[in-house]
Amino acid sequence: MPAGIASKPRPGRDREAGNDSVARLLAIDADRAEPHEYRLEKRLSTIGTARDNDLVVTDATVSRHHARIRRRLGRYRVTDLGSTNGTFVNGRRLRRQFTLKRGDELRIGAVRFAFMARGRAAAARRGRASPLVRLAMLAALGLALFAAGFALARYARGGDAMRRIVALLPGASAPGAARSVALTA
């Protein structure tokens, strides 16, 4: 008997709008001519037999709260939630979270899905940098700010700059006067 699978409706979302930047699970069912598609639009999607899951699977081999898929920085990670019959990726049982890749087979109990996500080339055409490129850009920015701060500190320690700054303070006339300047309100 094939498993019944249902995803919660998403108000205000048009499945035919062409927004294919969202990863999808395709149910692989030998009894169906066409695979059924489930979009992973939320940052955290849960799978199980309980009605409070995002993807409800009515199969005896699936636990109430079987697995979750978390999206972070464009990557999707699946975690088994202590299910009885296990969660498998490409035939291997999960012992810890696993990062899904395009084309991976995800098995929840006895129910099989194919994980589909956009490739890196498609992400580049969309105008967004991949997470690795964004991380490299952030690291380069941090390094540039560190170098600028270091150079400024070295310049300020040179002495001349400090004397010029002290001379700008009200009531400062001598190099030692900066220590005795009191700010009043």
# chains A, B, ... in the order shown; residues from 1 in each chain; ligands from 1
call {"tool": "select_by_dssp", "arguments": {"residues": "range 82-140 of chain A", "states": "alpha helix (DSSP H)", "output": "PyMOL selection string"}}
result
chain A and resi 120-125+131-140
call {"tool": "write_last_selection", "arguments": {"atoms": "N, CA and C atoms", "output": "compact mmCIF listing (two decimals), in the first residue's frame"}}
result
# COMPACT_ATOMS: atom_id res chain seq x y z
N ARG A 120 25.22 25.45 -8.52
CA ARG A 120 25.99 26.69 -8.34
C ARG A 120 25.94 27.57 -9.58
N ALA A 121 25.93 26.97 -10.77
CA ALA A 121 25.89 27.77 -12.00
C ALA A 121 24.60 28.58 -12.06
N ALA A 122 23.48 27.98 -11.66
CA ALA A 122 22.20 28.70 -11.67
C ALA A 122 22.22 29.81 -10.64
N ALA A 123 22.84 29.59 -9.49
CA ALA A 123 22.93 30.63 -8.47
C ALA A 123 23.76 31.81 -8.98
N ALA A 124 24.79 31.54 -9.72
CA ALA A 124 25.63 32.62 -10.27
C ALA A 124 24.84 33.43 -11.30
N ARG A 125 24.04 32.75 -12.13
CA ARG A 125 23.23 33.47 -13.12
C ARG A 125 22.19 34.35 -12.45
N PRO A 131 27.64 30.80 -1.09
CA PRO A 131 28.04 31.02 0.31
C PRO A 131 29.55 31.07 0.50
N LEU A 132 30.29 30.26 -0.25
CA LEU A 132 31.74 30.25 -0.12
C LEU A 132 32.34 31.57 -0.60
N VAL A 133 31.82 32.12 -1.69
CA VAL A 133 32.31 33.40 -2.21
C VAL A 133 31.96 34.52 -1.23
N ARG A 134 30.74 34.47 -0.66
CA ARG A 134 30.36 35.49 0.33
C ARG A 134 31.25 35.44 1.56
N LEU A 135 31.61 34.23 2.00
CA LEU A 135 32.50 34.08 3.14
C LEU A 135 33.88 34.64 2.83
N ALA A 136 34.39 34.39 1.63
CA ALA A 136 35.70 34.91 1.23
C ALA A 136 35.68 36.44 1.17
N MET A 137 34.57 37.01 0.67
CA MET A 137 34.46 38.46 0.60
C MET A 137 34.41 39.07 2.00
N LEU A 138 33.70 38.41 2.91
CA LEU A 138 33.62 38.88 4.28
C LEU A 138 34.98 38.82 4.96
N ALA A 139 35.72 37.75 4.72
CA ALA A 139 37.06 37.61 5.30
C ALA A 139 37.99 38.69 4.75
N ALA A 140 37.92 38.99 3.45
CA ALA A 140 38.75 40.03 2.85
C ALA A 140 38.40 41.40 3.43
call {"tool": "atom_distance", "arguments": {"atom1": "CA of Arg112 in chain A", "atom2": "CA of Ile69 in chain A"}}
result
14.8 Å
